[in-house]
Amino acid sequence: MESMIKKYFPEMGIDIFWYSKKLTQNISSENNNLTSLDETIKKCKKCNLHKTRRNTVFGEGDPDSNIMIIGEAPGREEDEVGRPFVGRAGKLLNEFLKSINLNRDSVFIVNTIKCRPPENRDPEASEISACSDYLDQQINIIKPKVLVLLGKIAANRLLGEDMPMSELRLKKFFIDKYDIPIIVFYHPAYILRSPSQKKKVWDDLQYLKGIIDSNVS
Ligand code: URA
Ligand code: SF4
């Protein structure tokens with residue numbers, strides 16, 4: 001795959017960094033900046049996950065980015081350091097991004113929930129719903145032009161669907177509260193477990209590029 005990427009992207013003349021940045025807009029929200037929202041989340045006890053977390057994992061990246069990547073939930077390493085995608089799945093995610101000339105610092109990476117579920121179990125619908133206001137506020141402040149959901153669980157819970165990955169990927173979804181396209185990628189942790197599926201990620205990445213291209217203003 002690496003060689004395919006090296007071969008084709010330069011030939012296609014793709015350079016993602018020329019996308020125009022959005023104008024910063026005033027946010028009429030209680031937490032009108034990311035720092036104060038982070039402080040609120042650090043104190044949050046809205047669901048039981050606060051009892052077992054070591055750190056909340058707010059998210060990180062370029063607050064002016066057009067691309068927000070939404071993972072499922074912090075794992076052990078993320079809980080330890082309070083940052084998203086720092087473990088093996090994170091390293092693979094960085095590679096995915098690099099293959100389309102994006103680096104981690106040029107996107108904003110968050111999770112559907114900000115605290116680690118014990119033993120890395122799947123987040124419950126009630127936890128995602130308890131935490132969803134924070135995600136909404138992050139989206140409101142950052143105003144990305146595309147949301148990339150990683151994995152079936154995050155995708156189905158956020159979209160209110162129950163679909164297999166084959167029906168979720170390579171499609172644009174819209175939900176009422178966000179006026180931006182949502183697309184679904186395989187979760188990098190799944191790709192680590194099933195490396196034979198890597199080719200599909202290549203297709204997903206190209207699909208993402210297409211969406212970004214069509215959103216250039
Ligand atoms: N997996 C996720 O979904 N999120 C992280 O932050 C790390 C691993
Ligand atoms: Fe609060 Fe979200 Fe953590 Fe639950 S997961 S305690 S809602 S920050």
# chains A, B, ... in the order shown; residues from 1 in each chain; ligands from 1
call {"tool": "residues_around", "arguments": {"residues": "Pro188 in chain A", "least_positions_apart": "6", "cutoff": "8 Å", "atoms": "only C-alpha atoms", "output": "ChimeraX atom specification"}}
result
/A:89-90,92-93,150
call {"tool": "residues_near_ligand", "arguments": {"ligand": "ligand 1", "cutoff": "8 Å", "atoms": "only C-alpha atoms and all ligand atoms", "output": "PDB file with C-alpha atoms, in the first residue's frame"}}
result
ATOM      1  CA  VAL A  57      -9.171  12.886  27.242  1.00  0.00           C
ATOM      2  CA  ILE A  70     -13.879  11.122  16.073  1.00  0.00           C
ATOM      3  CA  GLY A  71     -12.673   7.913  17.689  1.00  0.00           C
ATOM      4  CA  GLU A  72     -14.576   5.675  20.007  1.00  0.00           C
ATOM      5  CA  ALA A  73     -13.186   6.033  23.518  1.00  0.00           C
ATOM      6  CA  PRO A  74      -9.855   6.500  25.277  1.00  0.00           C
ATOM      7  CA  GLY A  75      -7.951   3.305  25.979  1.00  0.00           C
ATOM      8  CA  GLU A  77      -2.592   4.649  27.321  1.00  0.00           C
ATOM      9  CA  GLU A  78      -4.859   7.569  26.500  1.00  0.00           C
ATOM     10  CA  ARG A  83      -4.367  12.515  25.134  1.00  0.00           C
ATOM     11  CA  PRO A  84      -6.251  10.768  22.304  1.00  0.00           C
ATOM     12  CA  PHE A  85      -4.767   8.051  20.098  1.00  0.00           C
ATOM     13  CA  VAL A  86      -1.319   7.765  21.646  1.00  0.00           C
ATOM     14  CA  GLY A  87      -1.121   3.938  21.542  1.00  0.00           C
ATOM     15  CA  ALA A  89      -3.936   2.456  16.998  1.00  0.00           C
ATOM     16  CA  GLY A  90      -2.857   6.080  17.193  1.00  0.00           C
ATOM     17  CA  VAL A 110     -11.483  13.604  19.672  1.00  0.00           C
ATOM     18  CA  ASN A 111     -13.499  10.652  20.956  1.00  0.00           C
ATOM     19  CA  LEU A 150     -13.708   5.774  13.318  1.00  0.00           C
ATOM     20  CA  GLY A 151     -15.336   2.375  13.591  1.00  0.00           C
ATOM     21  CA  HIS A 187     -11.100   1.963  13.196  1.00  0.00           C
ATOM     22  CA  PRO A 188      -7.287   1.651  13.126  1.00  0.00           C
ATOM     23  CA  ALA A 189      -7.494  -0.826  16.040  1.00  0.00           C
TER      24      ALA A 189
END
call {"tool": "select_by_dssp", "arguments": {"residues": "chain A", "states": "helix (DSSP H, G or I)", "output": "JSON, numbers by chain"}}
result
{"A": [2, 3, 4, 5, 6, 7, 8, 9, 10, 11, 12, 16, 17, 18, 34, 35, 36, 37, 38, 39, 40, 41, 42, 48, 49, 50, 51, 76, 77, 78, 79, 80, 81, 88, 89, 90, 91, 92, 93, 94, 95, 96, 97, 98, 99, 104, 105, 106, 118, 119, 120, 125, 126, 127, 128, 129, 130, 131, 132, 133, 134, 135, 136, 137, 138, 139, 140, 141, 142, 152, 153, 154, 155, 156, 157, 158, 159, 165, 166, 167, 168, 188, 189, 190, 191, 192, 193, 195, 196, 197, 198, 199, 200, 201, 202, 203, 204, 205, 206, 207, 208, 209, 210, 211, 212, 213, 214]}
call {"tool": "write_last_selection", "arguments": {"atoms": "C-alpha atoms", "output": "mmCIF file, in the first residue's frame"}}
result
data_model
loop_
_atom_site.group_PDB
_atom_site.id
_atom_site.type_symbol
_atom_site.label_atom_id
_atom_site.label_comp_id
_atom_site.auth_asym_id
_atom_site.auth_seq_id
_atom_site.Cartn_x
_atom_site.Cartn_y
_atom_site.Cartn_z
ATOM 1 C CA GLU A 2 2.828 2.377 0.906
ATOM 2 C CA SER A 3 4.280 2.161 -2.562
ATOM 3 C CA MET A 4 0.862 2.698 -4.127
ATOM 4 C CA ILE A 5 0.420 5.819 -2.057
ATOM 5 C CA LYS A 6 3.860 7.137 -2.919
ATOM 6 C CA LYS A 7 3.235 6.394 -6.563
ATOM 7 C CA TYR A 8 -0.237 7.810 -7.009
ATOM 8 C CA PHE A 9 -0.654 10.783 -4.730
ATOM 9 C CA PRO A 10 2.166 12.863 -6.206
ATOM 10 C CA GLU A 11 0.938 11.909 -9.688
ATOM 11 C CA MET A 12 -2.532 13.101 -8.829
ATOM 12 C CA ILE A 16 -4.233 19.050 0.976
ATOM 13 C CA PHE A 17 -2.731 22.104 2.629
ATOM 14 C CA TRP A 18 -4.178 24.623 0.227
ATOM 15 C CA LEU A 34 -11.813 24.946 24.023
ATOM 16 C CA THR A 35 -9.828 25.642 27.170
ATOM 17 C CA SER A 36 -12.846 26.360 29.312
ATOM 18 C CA LEU A 37 -14.653 23.363 27.846
ATOM 19 C CA ASP A 38 -11.660 21.220 28.761
ATOM 20 C CA GLU A 39 -11.827 22.531 32.329
ATOM 21 C CA THR A 40 -15.528 21.652 32.501
ATOM 22 C CA ILE A 41 -14.907 18.148 31.200
ATOM 23 C CA LYS A 42 -12.115 17.553 33.721
ATOM 24 C CA ASN A 48 -20.136 6.519 35.918
ATOM 25 C CA LEU A 49 -16.946 6.534 33.868
ATOM 26 C CA HIS A 50 -15.698 9.409 35.996
ATOM 27 C CA LYS A 51 -15.225 6.921 38.842
ATOM 28 C CA ARG A 76 -5.426 2.562 28.723
ATOM 29 C CA GLU A 77 -2.592 4.649 27.321
ATOM 30 C CA GLU A 78 -4.859 7.569 26.500
ATOM 31 C CA ASP A 79 -6.306 7.460 30.019
ATOM 32 C CA GLU A 80 -2.799 7.517 31.464
ATOM 33 C CA VAL A 81 -1.649 10.607 29.606
ATOM 34 C CA ARG A 88 -0.649 1.536 18.633
ATOM 35 C CA ALA A 89 -3.936 2.456 16.998
ATOM 36 C CA GLY A 90 -2.857 6.080 17.193
ATOM 37 C CA LYS A 91 0.404 5.374 15.410
ATOM 38 C CA LEU A 92 -1.506 3.671 12.621
ATOM 39 C CA LEU A 93 -3.948 6.571 12.455
ATOM 40 C CA ASN A 94 -0.977 8.919 12.029
ATOM 41 C CA GLU A 95 0.199 6.766 9.123
ATOM 42 C CA PHE A 96 -3.214 6.880 7.483
ATOM 43 C CA LEU A 97 -3.186 10.658 7.711
ATOM 44 C CA LYS A 98 0.346 10.956 6.445
ATOM 45 C CA SER A 99 -0.555 8.947 3.356
ATOM 46 C CA ARG A 104 -1.851 14.815 13.074
ATOM 47 C CA ASP A 105 -1.403 18.454 14.014
ATOM 48 C CA SER A 106 -3.445 19.632 11.048
ATOM 49 C CA PRO A 118 -13.107 -0.036 32.274
ATOM 50 C CA GLU A 119 -11.168 -2.840 30.522
ATOM 51 C CA ASN A 120 -11.680 -0.974 27.246
ATOM 52 C CA ALA A 125 -25.221 4.236 24.474
ATOM 53 C CA SER A 126 -26.047 6.041 27.736
ATOM 54 C CA GLU A 127 -22.404 7.096 28.154
ATOM 55 C CA ILE A 128 -22.163 8.423 24.607
ATOM 56 C CA SER A 129 -25.369 10.298 25.126
ATOM 57 C CA ALA A 130 -24.204 11.738 28.488
ATOM 58 C CA CYS A 131 -21.028 12.962 26.796
ATOM 59 C CA SER A 132 -22.555 14.084 23.510
ATOM 60 C CA ASP A 133 -23.040 17.685 24.556
ATOM 61 C CA TYR A 134 -19.265 18.043 24.884
ATOM 62 C CA LEU A 135 -18.729 16.636 21.419
ATOM 63 C CA ASP A 136 -21.397 18.998 20.081
ATOM 64 C CA GLN A 137 -19.632 21.939 21.691
ATOM 65 C CA GLN A 138 -16.286 20.890 20.256
ATOM 66 C CA ILE A 139 -17.846 20.727 16.796
ATOM 67 C CA ASN A 140 -19.491 24.096 17.363
ATOM 68 C CA ILE A 141 -16.244 25.755 18.319
ATOM 69 C CA ILE A 142 -13.955 24.110 15.749
ATOM 70 C CA LYS A 152 -18.747 0.829 13.634
ATOM 71 C CA ILE A 153 -19.559 1.488 17.270
ATOM 72 C CA ALA A 154 -18.868 5.193 17.277
ATOM 73 C CA ALA A 155 -20.580 5.514 13.905
ATOM 74 C CA ASN A 156 -23.756 3.616 14.716
ATOM 75 C CA ARG A 157 -24.159 5.314 18.078
ATOM 76 C CA LEU A 158 -23.642 8.772 16.701
ATOM 77 C CA LEU A 159 -25.756 8.240 13.618
ATOM 78 C CA MET A 165 -19.270 -1.431 8.337
ATOM 79 C CA SER A 166 -19.794 -2.397 4.692
ATOM 80 C CA GLU A 167 -22.885 -0.173 4.630
ATOM 81 C CA LEU A 168 -21.360 2.658 6.622
ATOM 82 C CA PRO A 188 -7.287 1.651 13.126
ATOM 83 C CA ALA A 189 -7.494 -0.826 16.040
ATOM 84 C CA TYR A 190 -9.562 -3.093 13.783
ATOM 85 C CA ILE A 191 -6.998 -2.763 11.003
ATOM 86 C CA LEU A 192 -4.266 -3.754 13.481
ATOM 87 C CA ARG A 193 -6.225 -6.930 14.170
ATOM 88 C CA PRO A 195 -4.157 -6.183 8.409
ATOM 89 C CA SER A 196 -5.577 -7.785 5.279
ATOM 90 C CA GLN A 197 -8.228 -5.046 5.317
ATOM 91 C CA LYS A 198 -5.644 -2.286 4.838
ATOM 92 C CA LYS A 199 -6.547 -1.861 1.200
ATOM 93 C CA LYS A 200 -10.008 -0.740 2.261
ATOM 94 C CA VAL A 201 -8.494 2.069 4.292
ATOM 95 C CA TRP A 202 -6.756 3.269 1.164
ATOM 96 C CA ASP A 203 -10.182 3.529 -0.508
ATOM 97 C CA ASP A 204 -11.583 5.297 2.541
ATOM 98 C CA LEU A 205 -8.742 7.816 2.491
ATOM 99 C CA GLN A 206 -9.343 8.608 -1.145
ATOM 100 C CA TYR A 207 -13.009 9.054 -0.420
ATOM 101 C CA LEU A 208 -12.123 11.507 2.354
ATOM 102 C CA LYS A 209 -9.923 13.455 -0.068
ATOM 103 C CA GLY A 210 -12.803 13.657 -2.513
ATOM 104 C CA ILE A 211 -15.096 15.110 0.145
ATOM 105 C CA ILE A 212 -12.527 17.646 1.231
ATOM 106 C CA ASP A 213 -11.996 18.652 -2.385
ATOM 107 C CA SER A 214 -15.704 19.192 -2.930
#
call {"tool": "select_by_dssp", "arguments": {"residues": "range 31-189 of chain A", "states": "strand (DSSP E)", "output": "PyMOL selection string"}}
result
chain A and resi 60-61+67-71+108-111+146-150+173-175+178-185
call {"tool": "closest_residue", "arguments": {"among": "A:Ile67, A:Leu102, A:Val146, A:Val184", "to": "Pro164 in chain A", "atoms": "only C-alpha atoms"}}
result
A:Val184
call {"tool": "closest_residue", "arguments": {"among": "A:Cys115, A:Glu60, A:Ile183, A:Arg54", "to": "ligand 2", "atoms": "only C-alpha atoms and all ligand atoms"}}
result
A:Cys115
call {"tool": "residues_around", "arguments": {"residues": "Ile69 in chain A", "least_positions_apart": "6", "cutoff": "7 Å", "atoms": "only C-alpha atoms", "output": "PDB file with all heavy atoms, in the first residue's frame"}}
result
ATOM      1  N   PHE A 108      -8.238  17.816  13.904  1.00  0.00           N
ATOM      2  CA  PHE A 108      -8.550  17.802  15.340  1.00  0.00           C
ATOM      3  C   PHE A 108      -9.100  16.418  15.671  1.00  0.00           C
ATOM      4  O   PHE A 108     -10.005  15.934  15.003  1.00  0.00           O
ATOM      5  CB  PHE A 108      -9.552  18.907  15.715  1.00  0.00           C
ATOM      6  CG  PHE A 108      -9.438  19.301  17.169  1.00  0.00           C
ATOM      7  CD1 PHE A 108      -8.624  20.357  17.554  1.00  0.00           C
ATOM      8  CD2 PHE A 108     -10.108  18.581  18.160  1.00  0.00           C
ATOM      9  CE1 PHE A 108      -8.483  20.703  18.903  1.00  0.00           C
ATOM     10  CE2 PHE A 108      -9.968  18.924  19.500  1.00  0.00           C
ATOM     11  CZ  PHE A 108      -9.154  19.986  19.868  1.00  0.00           C
ATOM     12  N   ILE A 109      -8.521  15.776  16.685  1.00  0.00           N
ATOM     13  CA  ILE A 109      -8.879  14.389  17.017  1.00  0.00           C
ATOM     14  C   ILE A 109      -9.560  14.348  18.389  1.00  0.00           C
ATOM     15  O   ILE A 109      -9.022  14.850  19.376  1.00  0.00           O
ATOM     16  CB  ILE A 109      -7.618  13.497  17.064  1.00  0.00           C
ATOM     17  CG1 ILE A 109      -6.848  13.589  15.743  1.00  0.00           C
ATOM     18  CG2 ILE A 109      -7.988  12.053  17.373  1.00  0.00           C
ATOM     19  CD1 ILE A 109      -5.567  12.767  15.699  1.00  0.00           C
ATOM     20  N   VAL A 110     -10.741  13.742  18.409  1.00  0.00           N
ATOM     21  CA  VAL A 110     -11.483  13.604  19.672  1.00  0.00           C
ATOM     22  C   VAL A 110     -12.037  12.176  19.766  1.00  0.00           C
ATOM     23  O   VAL A 110     -11.807  11.357  18.876  1.00  0.00           O
ATOM     24  CB  VAL A 110     -12.661  14.613  19.756  1.00  0.00           C
ATOM     25  CG1 VAL A 110     -12.167  16.047  19.683  1.00  0.00           C
ATOM     26  CG2 VAL A 110     -13.685  14.354  18.653  1.00  0.00           C
ATOM     27  N   LEU A 147     -16.663  15.445   9.246  1.00  0.00           N
ATOM     28  CA  LEU A 147     -16.413  14.635  10.442  1.00  0.00           C
ATOM     29  C   LEU A 147     -16.078  13.223   9.981  1.00  0.00           C
ATOM     30  O   LEU A 147     -16.791  12.659   9.148  1.00  0.00           O
ATOM     31  CB  LEU A 147     -17.664  14.557  11.325  1.00  0.00           C
ATOM     32  CG  LEU A 147     -18.226  15.865  11.892  1.00  0.00           C
ATOM     33  CD1 LEU A 147     -19.520  15.583  12.676  1.00  0.00           C
ATOM     34  CD2 LEU A 147     -17.211  16.531  12.809  1.00  0.00           C
ATOM     35  N   VAL A 148     -15.017  12.678  10.524  1.00  0.00           N
ATOM     36  CA  VAL A 148     -14.640  11.303  10.181  1.00  0.00           C
ATOM     37  C   VAL A 148     -14.821  10.450  11.430  1.00  0.00           C
ATOM     38  O   VAL A 148     -14.139  10.651  12.439  1.00  0.00           O
ATOM     39  CB  VAL A 148     -13.162  11.229   9.725  1.00  0.00           C
ATOM     40  CG1 VAL A 148     -12.793   9.795   9.357  1.00  0.00           C
ATOM     41  CG2 VAL A 148     -12.903  12.168   8.560  1.00  0.00           C
ATOM     42  N   LEU A 149     -15.769   9.522  11.363  1.00  0.00           N
ATOM     43  CA  LEU A 149     -16.021   8.650  12.509  1.00  0.00           C
ATOM     44  C   LEU A 149     -15.227   7.368  12.341  1.00  0.00           C
ATOM     45  O   LEU A 149     -15.247   6.754  11.277  1.00  0.00           O
ATOM     46  CB  LEU A 149     -17.507   8.292  12.565  1.00  0.00           C
ATOM     47  CG  LEU A 149     -18.449   9.382  13.028  1.00  0.00           C
ATOM     48  CD1 LEU A 149     -19.894   8.903  12.892  1.00  0.00           C
ATOM     49  CD2 LEU A 149     -18.176   9.730  14.474  1.00  0.00           C
TER      50      LEU A 149
END
call {"tool": "closest_residue", "arguments": {"among": "A:Lys114, A:Lys177, A:Lys43, A:Arg53", "to": "ligand 2", "atoms": "only C-alpha atoms and all ligand atoms"}}
result
A:Lys114
call {"tool": "atom_distance", "arguments": {"atom1": "CA of Gly59 in chain A", "atom2": "CA of Ile180 in chain A"}}
result
19.6 Å
